[in-house]
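Novice: Below is a structure I'd like to ask you about.
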Amino acid sequence: MPKKIVILTGAGISAESGIKTFRDPDGLWEGHRPEEVATPEAFRRDPEMVYRFYNARRNRLQSGRIEPNPAHLALVRLEQAIGDSFLLVTQNVDNLHERAGTKRIIHMHGELMKKRCQYCSTISTYDRDLTTEDQCSSCGETGGMRPHIVWFGEMPFELDRIWSEVADCEVFAAIGTSGVVEPAASLVHEARRTGADTFCFSLDSPENRGAFDNFIEGKAGETVPPWVDQFIASAS
Ligand code: OAD
């Protein structure tokens, strides 16, 4: 049986695909920090602004200029090699892992390509900009559609499953995440507590660098593929 691996990805894995990370020095949008827009309070105060922010991100993702990079593709090779022993937990709301071919994935912070009705909780995909006029096709209410995104102060999705998979893994690797947003930043502690080998791939030293056994510095598109290939070779 191959080793059970949990991979945690963050904005850094999509940086080489052309998506800005959250904590880029030039990460302001219309003068706001993303943390000021991605909140339930911002949505109550100014839904049009929050829609503009997510519509712009979603449109850019579909513009044809954003493609999966070698790090996304390497994780697909890893999944194909070890099957059900693989789980990818991503904080990213883009769909680059799926576009690369990943199947076993949890989007703990939601998905840009989906909307959710605040009245009946129905989740669906959509193909045009979200507005305050949108009607839910399930319950018929107007004005309650929101991006299917976990905002600051809200609970990430599937936490129980994520926690138990991490407690059960033999290898835990975090790729391109700054280690400042909880609870994702604490998953490495759970992996270490239960004896997993832990790896961190990042351009800079993350906040929780000290919690990892191994730190591999550099661009994910350059560091992750050789690690995956070596792992597959040693497992076969
Ligand atoms: P951040 O923007 O906080 O961190 C990105 C990390 O990736 C940094 O540590 C960079 O050094 C690293 N990085 C940048 N380019 C890289 C590259 N080419 N290869 C490898 N590493 C690279 O993004 P996250 O940690 O994902 O939450 O942010 C966590 C959460 O904070 C997000 O999911 C979002 C945000 O607020 C919600 O929206 C709820």
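By order in the structure tokens, chains are A, B, ...; within a chain, residues start at 1; ligands start at 1, following the order shown.
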From a backbone DSSP assignment, name each residue in range 5-178 of chain A labelled helix (DSSP H, G or I), as a VMD selection string.
Specialist: chain A and resid 12 to 15 34 to 37 40 to 45 47 to 61 70 to 85 96 to 100 159 to 167
Novice: Produce a table with one row for each residue of chain A that has an atom at most 7 Å from any atom of ligand 1, each row naming the nearest atom pair and its distance in Å at one decimal; use only C-alpha atoms and all ligand atoms; arrange rows by chain and rising residue number; format as JSON lines.
Specialist:
```
{"residue": "A:Thr9", "atom": "CA", "partner": "ligand 1", "partner_atom_place_in_ligand_line": "26 (O)", "distance": 6.9}
{"residue": "A:Gly10", "atom": "CA", "partner": "ligand 1", "partner_atom_place_in_ligand_line": "26 (O)", "distance": 3.2}
{"residue": "A:Ala11", "atom": "CA", "partner": "ligand 1", "partner_atom_place_in_ligand_line": "26 (O)", "distance": 3.8}
{"residue": "A:Gly12", "atom": "CA", "partner": "ligand 1", "partner_atom_place_in_ligand_line": "7 (O)", "distance": 3.3}
{"residue": "A:Ile13", "atom": "CA", "partner": "ligand 1", "partner_atom_place_in_ligand_line": "19 (N)", "distance": 5.4}
{"residue": "A:Ala15", "atom": "CA", "partner": "ligand 1", "partner_atom_place_in_ligand_line": "18 (N)", "distance": 5.1}
{"residue": "A:Glu16", "atom": "CA", "partner": "ligand 1", "partner_atom_place_in_ligand_line": "18 (N)", "distance": 5.2}
{"residue": "A:Thr21", "atom": "CA", "partner": "ligand 1", "partner_atom_place_in_ligand_line": "2 (O)", "distance": 3.9}
{"residue": "A:Phe22", "atom": "CA", "partner": "ligand 1", "partner_atom_place_in_ligand_line": "2 (O)", "distance": 3.4}
{"residue": "A:Arg23", "atom": "CA", "partner": "ligand 1", "partner_atom_place_in_ligand_line": "2 (O)", "distance": 4.0}
{"residue": "A:Asp24", "atom": "CA", "partner": "ligand 1", "partner_atom_place_in_ligand_line": "2 (O)", "distance": 6.2}
{"residue": "A:Pro34", "atom": "CA", "partner": "ligand 1", "partner_atom_place_in_ligand_line": "36 (O)", "distance": 6.9}
{"residue": "A:Glu35", "atom": "CA", "partner": "ligand 1", "partner_atom_place_in_ligand_line": "36 (O)", "distance": 6.0}
{"residue": "A:Ala38", "atom": "CA", "partner": "ligand 1", "partner_atom_place_in_ligand_line": "38 (O)", "distance": 6.4}
{"residue": "A:Gln91", "atom": "CA", "partner": "ligand 1", "partner_atom_place_in_ligand_line": "33 (O)", "distance": 4.2}
{"residue": "A:Asn92", "atom": "CA", "partner": "ligand 1", "partner_atom_place_in_ligand_line": "33 (O)", "distance": 5.3}
{"residue": "A:His109", "atom": "CA", "partner": "ligand 1", "partner_atom_place_in_ligand_line": "39 (C)", "distance": 5.3}
{"residue": "A:Val150", "atom": "CA", "partner": "ligand 1", "partner_atom_place_in_ligand_line": "39 (C)", "distance": 5.0}
{"residue": "A:Trp151", "atom": "CA", "partner": "ligand 1", "partner_atom_place_in_ligand_line": "39 (C)", "distance": 4.9}
{"residue": "A:Phe152", "atom": "CA", "partner": "ligand 1", "partner_atom_place_in_ligand_line": "39 (C)", "distance": 5.5}
{"residue": "A:Ile175", "atom": "CA", "partner": "ligand 1", "partner_atom_place_in_ligand_line": "20 (C)", "distance": 6.3}
{"residue": "A:Gly176", "atom": "CA", "partner": "ligand 1", "partner_atom_place_in_ligand_line": "7 (O)", "distance": 3.5}
{"residue": "A:Thr177", "atom": "CA", "partner": "ligand 1", "partner_atom_place_in_ligand_line": "25 (O)", "distance": 3.3}
{"residue": "A:Ser178", "atom": "CA", "partner": "ligand 1", "partner_atom_place_in_ligand_line": "9 (O)", "distance": 3.5}
{"residue": "A:Gly179", "atom": "CA", "partner": "ligand 1", "partner_atom_place_in_ligand_line": "25 (O)", "distance": 5.7}
{"residue": "A:Val180", "atom": "CA", "partner": "ligand 1", "partner_atom_place_in_ligand_line": "25 (O)", "distance": 6.7}
{"residue": "A:Val181", "atom": "CA", "partner": "ligand 1", "partner_atom_place_in_ligand_line": "29 (C)", "distance": 5.3}
{"residue": "A:Phe201", "atom": "CA", "partner": "ligand 1", "partner_atom_place_in_ligand_line": "20 (C)", "distance": 6.0}
{"residue": "A:Ser202", "atom": "CA", "partner": "ligand 1", "partner_atom_place_in_ligand_line": "21 (N)", "distance": 3.7}
{"residue": "A:Leu203", "atom": "CA", "partner": "ligand 1", "partner_atom_place_in_ligand_line": "21 (N)", "distance": 4.2}
{"residue": "A:Asp204", "atom": "CA", "partner": "ligand 1", "partner_atom_place_in_ligand_line": "11 (O)", "distance": 4.2}
{"residue": "A:Ser205", "atom": "CA", "partner": "ligand 1", "partner_atom_place_in_ligand_line": "9 (O)", "distance": 6.6}
{"residue": "A:Pro206", "atom": "CA", "partner": "ligand 1", "partner_atom_place_in_ligand_line": "9 (O)", "distance": 5.1}
{"residue": "A:Gly218", "atom": "CA", "partner": "ligand 1", "partner_atom_place_in_ligand_line": "20 (C)", "distance": 6.0}
{"residue": "A:Lys219", "atom": "CA", "partner": "ligand 1", "partner_atom_place_in_ligand_line": "19 (N)", "distance": 3.5}
{"residue": "A:Ala220", "atom": "CA", "partner": "ligand 1", "partner_atom_place_in_ligand_line": "19 (N)", "distance": 3.8}
{"residue": "A:Gly221", "atom": "CA", "partner": "ligand 1", "partner_atom_place_in_ligand_line": "19 (N)", "distance": 6.5}
```
Novice: Find the residues around Gly143 in chain A up to 10 Å (only C-alpha atoms counted), leave out those fewer than 6 positions away in its own chain, and share them as a ChimeraX atom specification.
Specialist: /A:47,117-119,130-136
Novice: Which polymer residues have any atom within 12 Å of an atom of Gly210 in chain A, counting only C-alpha atoms, with same-chain residues fewer than 3 positions away left out, as a ChimeraX atom specification?
Specialist: /A:179,185-186,188-189,192,198-200,205-207,213-215
Novice: Mind pulling up the distance from CA of Tyr51 in chain A to CA of Asp94 in chain A?
Specialist: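 Going from CA of Asp94 in chain A over to CA of Tyr51 in chain A, I get 16.1 Å.
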Novice: Quote the spacing between CA of Arg104 in chain A and CA of Gly195 in chain A in Å to one decimal place.
Specialist: 22.8 Å
Novice: Write out as a list in words each polymer residue whose atoms come within 9 Å of Ala71 in chain A, counting only C-alpha atoms; drop sequence neighbours fewer than 3 positions from it.
Specialist: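 In the requested format, the answer is Ile13, Ser14, Pro68, Ala74, Leu75, Val76, Ala220, Gly221, Glu222, Thr223, Val224 and Pro225 of chain A.
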Novice: Do you have the CA of His107 in chain A-CA of Asp46 in chain A distance handy?
Specialist: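 Those two atoms sit 25.7 Å apart.
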